[in-house]
file query.cif (mmCIF, C-alpha atoms)
data_final
#
loop_
_atom_site.label_atom_id
_atom_site.label_comp_id
_atom_site.auth_asym_id
_atom_site.auth_seq_id
_atom_site.Cartn_x
_atom_site.Cartn_y
_atom_site.Cartn_z
CA MET Y 1 10.52 -18.76 1.73
CA SER Y 2 11.99 -21.55 -0.40
CA ALA Y 3 10.17 -24.06 1.79
CA ILE Y 4 6.84 -23.24 0.14
CA LEU Y 5 7.95 -23.13 -3.49
CA GLN Y 6 5.90 -25.34 -5.78
CA GLY Y 7 5.06 -25.61 -9.45
CA ALA Y 8 3.05 -22.94 -11.21
CA GLY Y 9 -0.58 -23.50 -12.11
CA ALA Y 10 -2.51 -23.56 -15.35
CA THR Y 11 -2.65 -20.73 -17.83
CA THR Y 12 -5.52 -18.36 -18.47
CA ALA Y 13 -5.39 -16.14 -21.55
CA LEU Y 14 -6.49 -12.52 -21.42
CA SER Y 15 -9.62 -11.58 -23.31
CA PRO Y 16 -9.59 -8.98 -26.11
CA PHE Y 17 -11.05 -5.67 -24.98
CA ASN Y 18 -11.88 -3.73 -28.10
CA SER Y 19 -13.30 -6.05 -30.71
CA ILE Y 20 -16.73 -7.70 -30.47
CA ASP Y 21 -19.78 -8.15 -32.67
CA SER Y 22 -22.09 -5.36 -31.52
CA ASN Y 23 -25.10 -6.92 -33.24
CA LYS Y 24 -24.90 -10.20 -31.36
CA LEU Y 25 -23.38 -8.85 -28.13
CA VAL Y 26 -22.09 -12.29 -27.24
CA PRO Y 27 -20.09 -11.80 -24.03
CA PRO Y 28 -16.55 -13.11 -23.64
CA SER Y 29 -16.32 -16.31 -21.64
CA ARG Y 30 -15.95 -15.69 -17.93
CA SER Y 31 -13.65 -18.13 -16.18
CA SER Y 32 -14.73 -19.09 -12.72
CA LEU Y 33 -12.02 -18.93 -10.13
CA SER Y 34 -10.28 -21.91 -8.59
CA VAL Y 35 -11.16 -22.62 -4.99
CA ARG Y 36 -9.22 -25.14 -2.94
CA SER Y 37 -11.20 -24.95 0.29
CA LYS Y 38 -14.39 -26.85 1.08
CA ARG Y 39 -16.37 -23.75 1.96
CA SER Y 40 -19.23 -22.47 -0.16
CA ILE Y 41 -18.45 -19.39 -2.20
CA VAL Y 42 -20.33 -16.64 -3.97
CA VAL Y 43 -19.25 -15.12 -7.28
CA ALA Y 44 -20.67 -11.62 -7.54
CA GLY Y 45 -21.13 -9.69 -10.77
CA SER Y 46 -23.27 -6.99 -12.31
CA ASP Y 47 -26.00 -9.53 -12.98
CA GLY Y 48 -26.34 -10.42 -9.32
CA ILE Y 49 -24.69 -13.19 -7.34
CA LYS Y 50 -24.21 -16.85 -8.13
CA SER Y 51 -23.83 -19.32 -5.24
CA PHE Y 52 -21.98 -22.59 -5.57
CA GLY Y 53 -22.14 -25.50 -3.15
CA SER Y 54 -19.28 -26.73 -1.03
CA GLY Y 55 -16.56 -28.92 -2.46
CA LEU Y 56 -13.79 -28.50 -4.97
CA ILE Y 57 -14.55 -25.97 -7.72
CA THR Y 58 -12.54 -26.40 -10.89
CA ARG Y 59 -11.78 -23.76 -13.51
CA ARG Y 60 -14.45 -23.70 -16.22
CA SER Y 61 -16.04 -21.30 -18.67
CA GLU Y 62 -19.26 -19.72 -17.44
CA PRO Y 63 -21.38 -17.64 -19.85
CA LEU Y 64 -22.63 -14.29 -18.60
CA ILE Y 65 -26.39 -13.81 -18.30
CA ALA Y 66 -27.48 -12.08 -21.49
CA ASN Y 67 -29.30 -9.19 -19.81
CA ALA Y 68 -26.53 -7.23 -18.12
CA VAL Y 69 -28.67 -4.10 -17.72
CA ALA Y 70 -30.39 -4.11 -14.35
CA THR Y 71 -33.85 -2.72 -13.94
CA LYS Y 72 -34.54 0.07 -11.46
CA GLY Y 73 -34.41 -1.35 -7.95
CA GLU Y 74 -32.33 -4.37 -9.02
CA ASN Y 75 -28.94 -2.96 -8.19
CA ALA Y 76 -26.67 -5.94 -7.55
CA ALA Y 77 -24.71 -4.20 -4.84
CA THR Y 78 -27.89 -3.26 -2.98
CA SER Y 79 -29.31 -6.77 -3.16
CA THR Y 80 -26.02 -8.23 -1.95
CA LEU Y 81 -25.69 -5.82 0.96
CA SER Y 82 -29.21 -6.60 2.13
CA LYS Y 83 -27.84 -9.89 3.49
CA PRO Y 84 -26.36 -10.14 7.00
CA GLY Y 85 -22.92 -8.57 7.04
CA HIS Y 86 -20.42 -6.43 8.87
CA GLU Y 87 -19.22 -2.88 8.35
CA LEU Y 88 -15.68 -2.24 7.17
CA LEU Y 89 -13.68 0.67 5.90
CA LEU Y 90 -12.27 0.16 2.42
CA PHE Y 91 -8.71 -0.43 3.64
CA GLU Y 92 -10.06 -2.94 6.16
CA ALA Y 93 -11.94 -4.76 3.39
CA LEU Y 94 -8.71 -5.04 1.40
CA GLN Y 95 -6.96 -6.36 4.51
CA GLU Y 96 -9.72 -8.88 5.19
CA GLY Y 97 -9.65 -10.17 1.62
CA LEU Y 98 -5.87 -10.49 1.70
CA GLU Y 99 -5.92 -12.27 5.06
CA GLU Y 100 -8.59 -14.73 3.89
CA GLU Y 101 -6.55 -15.63 0.83
CA MET Y 102 -3.39 -16.09 2.90
CA ASP Y 103 -5.36 -18.42 5.17
CA ARG Y 104 -6.73 -20.32 2.19
CA ASP Y 105 -3.52 -20.68 0.18
CA PRO Y 106 -0.04 -20.97 1.75
CA HIS Y 107 1.50 -19.81 -1.54
CA VAL Y 108 0.13 -16.26 -1.08
CA CYS Y 109 2.73 -13.86 0.30
CA VAL Y 110 3.12 -10.09 0.62
CA MET Y 111 6.15 -7.93 -0.05
CA GLY Y 112 6.82 -4.21 -0.08
CA GLU Y 113 8.07 -1.28 1.96
CA ASP Y 114 6.82 -1.25 5.58
CA VAL Y 115 4.22 -3.96 4.90
CA GLY Y 116 5.42 -6.01 7.90
CA HIS Y 117 4.96 -5.07 11.54
CA TYR Y 118 4.26 -1.43 10.65
CA GLY Y 119 1.22 -2.65 8.69
CA GLY Y 120 1.71 -0.71 5.46
CA SER Y 121 1.50 3.00 4.78
CA TYR Y 122 -2.33 2.82 4.74
CA LYS Y 123 -2.59 -0.17 7.12
CA VAL Y 124 -3.82 -2.64 4.50
CA THR Y 125 -1.36 -5.28 5.83
CA LYS Y 126 -1.90 -4.49 9.52
CA GLY Y 127 -1.56 -7.59 11.70
CA LEU Y 128 -0.54 -9.93 8.89
CA ALA Y 129 3.14 -10.17 9.90
CA ASP Y 130 2.19 -11.18 13.44
CA LYS Y 131 -0.14 -13.87 12.12
CA PHE Y 132 1.80 -15.28 9.16
CA GLY Y 133 5.41 -14.45 10.01
CA ASP Y 134 8.18 -12.47 8.37
CA LEU Y 135 8.71 -14.90 5.49
CA ARG Y 136 5.19 -14.49 4.13
CA VAL Y 137 4.94 -10.77 4.93
CA LEU Y 138 8.30 -9.49 3.78
CA ASP Y 139 9.58 -5.99 4.45
CA THR Y 140 11.79 -4.85 1.58
CA PRO Y 141 14.39 -2.13 1.06
CA ILE Y 142 13.33 1.10 -0.64
CA CYS Y 143 14.00 -0.30 -4.12
CA GLU Y 144 10.84 -0.83 -6.18
CA ASN Y 145 12.63 -2.31 -9.17
CA ALA Y 146 14.30 -4.95 -7.00
CA PHE Y 147 11.35 -6.16 -4.93
CA THR Y 148 8.97 -6.08 -7.92
CA GLY Y 149 11.42 -8.27 -9.81
CA MET Y 150 11.72 -10.53 -6.76
CA GLY Y 151 7.95 -10.89 -6.66
CA ILE Y 152 7.77 -11.76 -10.36
CA GLY Y 153 10.51 -14.37 -9.90
CA ALA Y 154 8.66 -15.83 -6.92
CA ALA Y 155 5.49 -16.08 -9.02
CA MET Y 156 7.43 -17.97 -11.70
CA THR Y 157 8.35 -20.61 -9.11
CA GLY Y 158 4.82 -21.13 -7.81
CA LEU Y 159 4.14 -18.46 -5.21
CA ARG Y 160 1.34 -15.89 -5.46
CA PRO Y 161 2.96 -12.64 -4.34
CA VAL Y 162 1.02 -9.49 -3.56
CA ILE Y 163 3.37 -6.57 -4.20
CA GLU Y 164 2.51 -3.29 -2.50
CA GLY Y 165 3.71 0.00 -3.86
CA MET Y 166 3.73 2.52 -1.02
CA ASN Y 167 2.47 4.96 -3.66
CA MET Y 168 1.60 4.00 -7.23
CA GLY Y 169 3.84 6.76 -8.49
CA PHE Y 170 6.83 4.93 -7.05
CA LEU Y 171 6.10 1.95 -9.30
CA LEU Y 172 7.45 3.95 -12.23
CA LEU Y 173 10.81 2.86 -10.83
CA ALA Y 174 9.74 -0.74 -11.50
CA PHE Y 175 8.30 -0.12 -14.97
CA ASN Y 176 10.91 -2.30 -16.66
CA GLN Y 177 10.04 -5.28 -14.45
CA ILE Y 178 6.29 -4.78 -14.90
CA SER Y 179 6.51 -4.35 -18.67
CA ASN Y 180 9.26 -6.66 -19.88
CA ASN Y 181 8.89 -9.40 -17.28
CA CYS Y 182 5.52 -9.32 -15.55
CA GLY Y 183 3.49 -8.76 -18.68
CA MET Y 184 5.50 -10.67 -21.25
CA LEU Y 185 7.21 -13.68 -19.61
CA HIS Y 186 4.25 -16.00 -20.12
CA TYR Y 187 4.42 -15.28 -23.85
CA THR Y 188 8.19 -15.13 -24.26
CA SER Y 189 8.63 -18.41 -22.36
CA GLY Y 190 6.22 -20.15 -24.71
CA GLY Y 191 3.76 -20.71 -21.88
CA GLN Y 192 6.31 -22.34 -19.57
CA PHE Y 193 5.70 -19.76 -16.86
CA THR Y 194 2.62 -18.12 -15.44
CA ILE Y 195 2.95 -14.92 -13.40
CA PRO Y 196 0.12 -14.98 -10.80
CA VAL Y 197 1.17 -11.75 -9.15
CA VAL Y 198 -0.90 -8.86 -7.81
CA ILE Y 199 0.54 -5.35 -7.85
CA ARG Y 200 -1.47 -2.92 -5.73
CA GLY Y 201 -1.20 0.39 -3.94
CA PRO Y 202 -2.65 3.86 -3.42
CA GLY Y 203 -2.82 6.45 -6.16
CA GLY Y 204 -4.90 9.31 -7.48
CA VAL Y 205 -5.23 12.93 -6.47
CA GLY Y 206 -5.40 13.20 -2.69
CA ARG Y 207 -5.57 16.38 -0.68
CA GLN Y 208 -2.47 18.44 -1.37
CA LEU Y 209 -0.08 15.53 -1.76
CA GLY Y 210 1.86 17.28 -4.51
CA ALA Y 211 2.55 16.25 -8.10
CA GLU Y 212 4.76 13.23 -7.39
CA HIS Y 213 2.25 11.66 -4.99
CA SER Y 214 -0.84 12.35 -7.13
CA GLN Y 215 -0.05 10.09 -10.07
CA ARG Y 216 -2.69 8.20 -12.05
CA LEU Y 217 -0.75 5.39 -13.71
CA GLU Y 218 -3.62 3.58 -15.41
CA SER Y 219 -2.65 5.10 -18.74
CA TYR Y 220 0.99 4.06 -18.30
CA PHE Y 221 0.20 0.39 -17.74
CA GLN Y 222 -2.77 -0.14 -20.08
CA SER Y 223 -0.55 -0.62 -23.14
CA ILE Y 224 1.45 -3.50 -21.60
CA PRO Y 225 0.33 -6.82 -23.15
CA GLY Y 226 -0.57 -9.62 -20.75
CA ILE Y 227 -1.63 -7.51 -17.76
CA GLN Y 228 -5.13 -7.09 -16.34
CA MET Y 229 -6.10 -3.87 -14.55
CA VAL Y 230 -8.94 -3.28 -12.10
CA ALA Y 231 -9.90 -0.32 -9.92
CA CYS Y 232 -11.86 -0.66 -6.67
CA SER Y 233 -14.33 1.97 -5.51
CA THR Y 234 -16.26 0.45 -2.58
CA PRO Y 235 -15.33 -1.80 0.36
CA TYR Y 236 -17.46 -4.53 -1.23
CA ASN Y 237 -15.70 -4.60 -4.57
CA ALA Y 238 -12.31 -3.87 -2.97
CA LYS Y 239 -12.44 -7.16 -1.09
CA GLY Y 240 -13.96 -9.09 -3.99
CA LEU Y 241 -11.45 -7.81 -6.51
CA MET Y 242 -8.52 -8.41 -4.16
CA LYS Y 243 -9.50 -12.06 -3.72
CA ALA Y 244 -10.16 -12.55 -7.43
CA ALA Y 245 -6.85 -10.93 -8.39
CA ILE Y 246 -4.90 -13.22 -6.05
CA ARG Y 247 -6.56 -16.31 -7.53
CA SER Y 248 -6.01 -15.22 -11.13
CA GLU Y 249 -3.28 -16.90 -13.18
CA ASN Y 250 -2.63 -13.56 -14.89
CA PRO Y 251 -0.71 -10.61 -13.44
CA VAL Y 252 -3.23 -8.09 -12.10
CA ILE Y 253 -2.71 -4.45 -11.16
CA LEU Y 254 -5.22 -3.31 -8.52
CA PHE Y 255 -5.64 0.46 -8.35
CA GLU Y 256 -6.77 1.93 -5.03
CA HIS Y 257 -7.56 5.59 -4.41
CA VAL Y 258 -6.08 7.41 -1.42
CA LEU Y 259 -9.31 9.29 -0.71
CA LEU Y 260 -11.47 6.16 -0.61
CA TYR Y 261 -9.62 4.18 2.09
CA ASN Y 262 -11.91 5.46 4.86
CA LEU Y 263 -15.13 4.80 2.94
CA LYS Y 264 -17.39 2.58 5.08
CA GLU Y 265 -19.86 -0.05 3.86
CA SER Y 266 -21.50 -3.24 5.06
CA ILE Y 267 -20.21 -6.34 3.27
CA PRO Y 268 -21.50 -9.94 3.45
CA ASP Y 269 -20.27 -12.32 6.14
CA GLU Y 270 -20.12 -15.18 3.62
CA GLU Y 271 -17.19 -15.49 1.27
CA TYR Y 272 -17.53 -13.89 -2.17
CA ILE Y 273 -15.39 -12.80 -5.09
CA CYS Y 274 -15.93 -10.26 -7.89
CA ASN Y 275 -15.39 -10.95 -11.58
CA LEU Y 276 -12.20 -9.26 -12.79
CA GLU Y 277 -13.68 -8.56 -16.22
CA GLU Y 278 -17.11 -7.26 -15.29
CA ALA Y 279 -18.46 -3.74 -14.87
CA GLU Y 280 -20.93 -2.78 -12.14
CA MET Y 281 -24.31 -1.23 -12.82
CA VAL Y 282 -24.46 1.54 -10.21
CA ARG Y 283 -27.62 3.33 -11.35
CA PRO Y 284 -29.91 2.17 -14.19
CA GLY Y 285 -31.24 4.95 -16.40
CA GLU Y 286 -32.64 5.77 -19.84
CA HIS Y 287 -31.23 9.06 -21.16
CA ILE Y 288 -27.43 8.78 -21.12
CA THR Y 289 -24.71 6.29 -20.17
CA ILE Y 290 -22.06 7.65 -17.79
CA LEU Y 291 -18.97 5.45 -17.55
CA THR Y 292 -16.59 6.02 -14.67
CA TYR Y 293 -14.40 4.29 -12.08
CA SER Y 294 -12.66 4.75 -8.73
CA ARG Y 295 -13.14 8.11 -6.97
CA MET Y 296 -15.00 9.68 -9.91
CA ARG Y 297 -17.87 7.27 -9.23
CA TYR Y 298 -18.82 9.52 -6.33
CA HIS Y 299 -18.49 12.73 -8.30
CA VAL Y 300 -20.79 11.19 -10.91
CA MET Y 301 -23.36 10.09 -8.33
CA GLN Y 302 -23.32 13.56 -6.80
CA ALA Y 303 -23.96 15.01 -10.24
CA ALA Y 304 -26.69 12.42 -10.85
CA LYS Y 305 -28.75 13.83 -7.98
CA THR Y 306 -28.73 17.24 -9.65
CA LEU Y 307 -29.51 15.72 -13.04
CA VAL Y 308 -32.52 13.82 -11.70
CA ASN Y 309 -33.89 17.05 -10.24
CA LYS Y 310 -33.54 18.59 -13.70
CA GLY Y 311 -35.49 15.77 -15.34
CA TYR Y 312 -32.64 13.62 -16.65
CA ASP Y 313 -32.32 9.89 -16.05
CA PRO Y 314 -28.61 8.97 -16.28
CA GLU Y 315 -27.37 5.39 -16.27
CA VAL Y 316 -24.15 5.11 -14.23
CA ILE Y 317 -21.70 2.26 -14.78
CA ASP Y 318 -18.54 1.70 -12.74
CA ILE Y 319 -16.38 -0.02 -15.36
CA ARG Y 320 -14.07 -1.50 -12.63
CA SER Y 321 -12.15 -3.55 -15.22
CA LEU Y 322 -9.80 -1.10 -16.91
CA LYS Y 323 -8.30 -3.83 -19.06
CA PRO Y 324 -10.10 -5.60 -20.61
CA PHE Y 325 -13.24 -3.46 -20.84
CA ASP Y 326 -16.60 -5.14 -20.22
CA LEU Y 327 -18.03 -4.24 -23.62
CA HIS Y 328 -21.02 -6.49 -23.06
CA THR Y 329 -22.41 -4.39 -20.20
CA ILE Y 330 -21.27 -1.15 -21.82
CA GLY Y 331 -22.71 -2.13 -25.20
CA ASN Y 332 -26.13 -2.99 -23.79
CA SER Y 333 -26.25 0.41 -22.12
CA VAL Y 334 -25.19 2.29 -25.26
CA LYS Y 335 -27.86 0.50 -27.27
CA LYS Y 336 -30.44 1.70 -24.76
CA THR Y 337 -29.39 5.32 -24.11
CA HIS Y 338 -27.55 6.19 -27.37
CA ARG Y 339 -25.37 8.75 -25.58
CA VAL Y 340 -22.12 8.26 -23.66
CA LEU Y 341 -20.19 10.41 -21.19
CA ILE Y 342 -16.91 9.11 -19.76
CA VAL Y 343 -15.68 10.60 -16.49
CA GLU Y 344 -12.18 9.78 -15.26
CA GLU Y 345 -9.44 11.15 -13.04
CA CYS Y 346 -6.79 9.95 -15.47
CA MET Y 347 -5.04 12.45 -17.74
CA ARG Y 348 -6.89 13.30 -20.95
CA THR Y 349 -4.09 12.50 -23.38
CA GLY Y 350 -3.70 8.75 -23.80
CA GLY Y 351 -5.88 7.95 -20.79
CA ILE Y 352 -8.38 5.18 -20.07
CA GLY Y 353 -11.12 7.44 -21.44
CA ALA Y 354 -9.36 7.73 -24.79
CA SER Y 355 -9.11 3.94 -25.11
CA LEU Y 356 -12.71 3.47 -24.03
CA THR Y 357 -13.90 6.11 -26.51
CA ALA Y 358 -12.10 4.26 -29.31
CA ALA Y 359 -13.62 0.93 -28.28
CA ILE Y 360 -17.15 2.36 -28.17
CA ASN Y 361 -16.76 4.08 -31.54
CA GLU Y 362 -15.42 0.90 -33.14
CA ASN Y 363 -18.13 -1.37 -31.80
CA PHE Y 364 -21.24 0.75 -31.22
CA HIS Y 365 -20.94 3.74 -33.55
CA ASP Y 366 -24.26 3.00 -35.26
CA TYR Y 367 -26.12 3.23 -31.95
CA LEU Y 368 -24.80 6.68 -30.97
CA ASP Y 369 -27.00 9.76 -31.40
CA ALA Y 370 -24.18 12.08 -30.29
CA PRO Y 371 -20.38 11.92 -30.16
CA VAL Y 372 -18.83 10.25 -27.12
CA MET Y 373 -17.71 12.92 -24.65
CA CYS Y 374 -14.87 12.40 -22.17
CA LEU Y 375 -14.16 14.48 -19.06
CA SER Y 376 -10.62 13.94 -17.77
CA SER Y 377 -8.02 15.61 -15.59
CA GLN Y 378 -6.04 18.38 -17.20
CA ASP Y 379 -2.67 17.54 -18.73
CA VAL Y 380 -0.70 19.36 -16.06
CA PRO Y 381 1.26 18.28 -12.97
CA THR Y 382 -1.11 18.26 -10.00
CA PRO Y 383 -0.63 21.53 -8.07
CA TYR Y 384 0.02 21.51 -4.32
CA ALA Y 385 -2.38 24.39 -3.64
CA GLY Y 386 -5.81 22.96 -2.78
CA THR Y 387 -7.85 25.36 -4.92
CA LEU Y 388 -5.66 24.76 -7.96
CA GLU Y 389 -5.71 21.01 -7.33
CA GLU Y 390 -9.52 21.02 -7.59
CA TRP Y 391 -9.34 22.87 -10.90
CA THR Y 392 -7.29 20.06 -12.47
CA VAL Y 393 -9.81 17.32 -11.59
CA VAL Y 394 -13.35 16.85 -12.95
CA GLN Y 395 -16.00 18.28 -10.61
CA PRO Y 396 -19.73 17.39 -10.38
CA ALA Y 397 -20.83 20.70 -11.92
CA GLN Y 398 -18.84 19.91 -15.07
CA ILE Y 399 -20.56 16.52 -15.32
CA VAL Y 400 -23.99 18.15 -15.10
CA THR Y 401 -23.09 20.63 -17.85
CA ALA Y 402 -21.75 17.87 -20.10
CA VAL Y 403 -24.90 15.76 -19.74
CA GLU Y 404 -27.09 18.76 -20.55
CA GLN Y 405 -25.07 19.38 -23.72
CA LEU Y 406 -25.22 15.75 -24.85
CA CYS Y 407 -28.96 15.45 -24.20
CA GLN Y 408 -29.97 18.58 -26.12
#
call {"tool": "encode", "arguments": {"input": "query.cif", "output": "structure tokens"}}
result
Amino acid sequence: MSAILQGAGATTALSPFNSIDSNKLVPPSRSSLSVRSKRSIVVAGSDGIKSFGSGLITRRSEPLIANAVATKGENAATSTLSKPGHELLLFEALQEGLEEEMDRDPHVCVMGEDVGHYGGSYKVTKGLADKFGDLRVLDTPICENAFTGMGIGAAMTGLRPVIEGMNMGFLLLAFNQISNNCGMLHYTSGGQFTIPVVIRGPGGVGRQLGAEHSQRLESYFQSIPGIQMVACSTPYNAKGLMKAAIRSENPVILFEHVLLYNLKESIPDEEYICNLEEAEMVRPGEHITILTYSRMRYHVMQAAKTLVNKGYDPEVIDIRSLKPFDLHTIGNSVKKTHRVLIVEECMRTGGIGASLTAAINENFHDYLDAPVMCLSSQDVPTPYAGTLEEWTVVQPAQIVTAVEQLCQ
């Protein structure tokens, strides 16, 4: 592995996520991602897709299009998927994105438990060890603290490690490395080191996986300075976020949900990446803004069908970026609908919803006609029994009831 060590790249600072001028709604600058190949590339965001010609693309600031609220029928995902493509399951899309980045950049490597010839616990790394060898796809002992620290050290020397946690709950054993080293070393070294590492793995409430294997760690990691967090929800954004996270100069935690791995979707044949700091407009609407992410996106869309039949027109936004929040897209929606419902699978106390509620109240309080409501999982260990498990997680019927209350 030492044969491919080189110097670390440039530094990219994280954007603030809870302080903007709501009157001007000037978006934070969006850094385009560095591309070393000569192929053309597409950068996809909630405002559609932007295509760049072939040749070297350098890092530069690119302002977001002012109108981040799509009109009905202008869903970015729909317009993108109308192009020629191929169908993939979500775990296959993650694998394809990872393989493409390993082909593009010899500094990208993978490490974790059973990621080698076994192909990972959910087969995201299937076939990579045979193609790239055991030095770039490194099987590790069952010691999360050790191999996470090894990955952070490798990133300091110029590699771009992708660290897989067999289950996100196991990464609690590596919390010291993620907090004190991964998130803070760029600052504590005075900018001498960048930590371009991706930490990813399955999490969320599955089907009777028990309390220890049903963790939602977003709330644990959101308070660590210097770390970006994103959550994928479709094969399209899974691949795009994976590629963007690997190219980022910041440490990125990519949250995947165990129940979404077999979700199938057609994705473009051409190369594309998703913006790490941008939300996705899933369904434009007029009456209420529903903010969600990961698996709850599908509970919300199921509830939206019922709401439409009852005469409501909900606007659904998949926030995708858990840190920092895309307050530009969210703010435009709040200004239009004046009501907000947050739906998450995270725990209620100290969860993503609590932070998002605070950010909306701080920046858009004057535009609200009703208090922000948040539906979250109950503050209890996830039961093993299937019926009890469902009771702890937000269900579509609860979303319908909440919207009816807010729109009275």
call {"tool": "atom_distance", "arguments": {"input": "query.cif", "atom1": "atom CA of Lys126 of chain Y", "atom2": "atom CA of Met242 of chain Y"}}
result
15.7 Å
call {"tool": "closest_atom_pairs", "arguments": {"input": "query.cif", "of": "segment 246-358 of chain Y", "to": "segment 368-389 of chain Y", "cutoff": "8 Å", "atoms": "all atoms listed in the file", "output": "tab-separated table"}}
result
residue	atom	partner	partner_atom	distance
Y:Val334	CA	Y:Leu368	CA	7.2
Y:Lys335	CA	Y:Leu368	CA	7.8
Y:His338	CA	Y:Leu368	CA	4.6
Y:Arg339	CA	Y:Leu368	CA	5.8
Y:Val340	CA	Y:Val372	CA	5.2
Y:Leu341	CA	Y:Met373	CA	4.9
Y:Ile342	CA	Y:Cys374	CA	4.6
Y:Val343	CA	Y:Leu375	CA	4.9
Y:Glu344	CA	Y:Ser376	CA	5.1
Y:Glu345	CA	Y:Ser377	CA	5.3
Y:Cys346	CA	Y:Ser377	CA	5.8
Y:Met347	CA	Y:Ser377	CA	4.8
Y:Arg348	CA	Y:Ser376	CA	4.9
Y:Thr349	CA	Y:Asp379	CA	7.0
Y:Gly353	CA	Y:Cys374	CA	6.3
Y:Ala354	CA	Y:Cys374	CA	7.7
Y:Thr357	CA	Y:Val372	CA	6.5
call {"tool": "closest_atom_pairs", "arguments": {"input": "query.cif", "of": "segment 79-103 of chain Y", "to": "segment 131-155 of chain Y", "cutoff": "10 Å", "atoms": "only C-alpha atoms", "output": "CSV"}}
result
residue,atom,partner,partner_atom,distance
Y:Glu99,CA,Y:Phe132,CA,9.2
Y:Met102,CA,Y:Phe132,CA,8.2
Y:Asp103,CA,Y:Phe132,CA,8.8
call {"tool": "atom_distance", "arguments": {"input": "query.cif", "atom1": "atom CA of Ala303 of chain Y", "atom2": "atom CA of Ala402 of chain Y"}}
result
10.5 Å
call {"tool": "resolve_selection", "arguments": {"input": "query.cif", "expression": "the PyMOL selection byres ((chain Y and resi 281) around 6)", "output": "list in words"}}
result
Ser46, Glu280, Val282, Arg283 and Ile317 of chain Y
call {"tool": "atom_distance", "arguments": {"input": "query.cif", "atom1": "atom CA of Tyr187 of chain Y", "atom2": "atom CA of Phe221 of chain Y"}}
result
17.3 Å
call {"tool": "resolve_selection", "arguments": {"input": "query.cif", "expression": "the PyMOL selection byres ((chain Y and resi 114) around 9)", "output": "list in words"}}
result
Met111, Gly112, Glu113, Val115, Gly116, His117, Tyr118, Gly119, Gly120, Ser121, Leu138, Asp139, Thr140, Pro141 and Met166 of chain Y
call {"tool": "resolve_selection", "arguments": {"input": "query.cif", "expression": "the PyMOL selection byres ((chain Y and resi 87-97) around 6)", "output": "ChimeraX atom specification"}}
result
/Y:86,98-100,124-125,235,238-239,243,261-266
call {"tool": "closest_residue", "arguments": {"input": "query.cif", "among": "Y:Thr289, Y:Ser321, Y:Thr392, Y:Gln228", "to": "Cys407 of chain Y", "atoms": "all atoms listed in the file"}}
result
Y:Thr289
call {"tool": "residues_around", "arguments": {"input": "query.cif", "residues": "Arg200 of chain Y", "least_positions_apart": "5", "cutoff": "6 Å", "atoms": "all atoms listed in the file", "output": "number ranges by chain"}}
result
Y: 164, 253-255
call {"tool": "residues_near_point", "arguments": {"input": "query.cif", "point": "(-1.6, 15.0, -9.0)", "cutoff": "8 Å", "atoms": "all atoms listed in the file", "output": "NGL selection string"}}
result
:Y and (204-206 or 209-216 or 381-383 or 389)
call {"tool": "closest_residue", "arguments": {"input": "query.cif", "among": "Y:Ala231, Y:Val400, Y:Ala359, Y:Cys182", "to": "Pro196 of chain Y", "atoms": "only C-alpha atoms"}}
result
Y:Cys182
call {"tool": "residues_near_point", "arguments": {"input": "query.cif", "point": "(-22.5, 13.4, -14.3)", "cutoff": "9 Å", "atoms": "all atoms listed in the file", "output": "list in words"}}
result
Ile290, His299, Val300, Met301, Gln302, Ala303, Ala304, Lys305, Thr306, Leu307, Pro314, Val316, Leu341, Ile342, Val343, Gln395, Pro396, Ala397, Gln398, Ile399, Val400, Thr401, Ala402 and Val403 of chain Y
call {"tool": "residues_around", "arguments": {"input": "query.cif", "residues": "Ser179 of chain Y", "least_positions_apart": "5", "cutoff": "9 Å", "atoms": "all atoms listed in the file", "output": "PyMOL selection string"}}
result
chain Y and resi 174+184+221+224-225+227
call {"tool": "closest_residue", "arguments": {"input": "query.cif", "among": "Y:Ile199, Y:Ala358, Y:Asp326, Y:Glu404", "to": "Val308 of chain Y", "atoms": "only C-alpha atoms"}}
result
Y:Glu404
call {"tool": "decode", "arguments": {"input": "query.cif", "residues": "segment 236-240 of chain Y", "atoms": "N, CA, C and O atoms", "output": "short mmCIF file (atom, residue, chain, number, x, y, z; two decimals), in the first residue's frame"}}
result
data_model
loop_
_atom_site.label_atom_id
_atom_site.label_comp_id
_atom_site.auth_asym_id
_atom_site.auth_seq_id
_atom_site.Cartn_x
_atom_site.Cartn_y
_atom_site.Cartn_z
N TYR Y 236 -30.04 6.13 -7.96
CA TYR Y 236 -29.44 7.28 -8.65
C TYR Y 236 -28.60 8.12 -7.70
O TYR Y 236 -27.42 8.39 -7.96
N ASN Y 237 -29.19 8.55 -6.57
CA ASN Y 237 -28.40 9.41 -5.69
C ASN Y 237 -27.39 8.62 -4.88
O ASN Y 237 -26.41 9.18 -4.38
N ALA Y 238 -27.59 7.30 -4.73
CA ALA Y 238 -26.59 6.49 -4.04
C ALA Y 238 -25.26 6.52 -4.80
O ALA Y 238 -24.19 6.74 -4.22
N LYS Y 239 -25.34 6.29 -6.11
CA LYS Y 239 -24.12 6.33 -6.91
C LYS Y 239 -23.53 7.74 -6.96
O LYS Y 239 -22.31 7.92 -6.79
N GLY Y 240 -24.39 8.73 -7.18
CA GLY Y 240 -23.89 10.10 -7.30
C GLY Y 240 -23.26 10.62 -6.02
O GLY Y 240 -22.25 11.33 -6.04
#
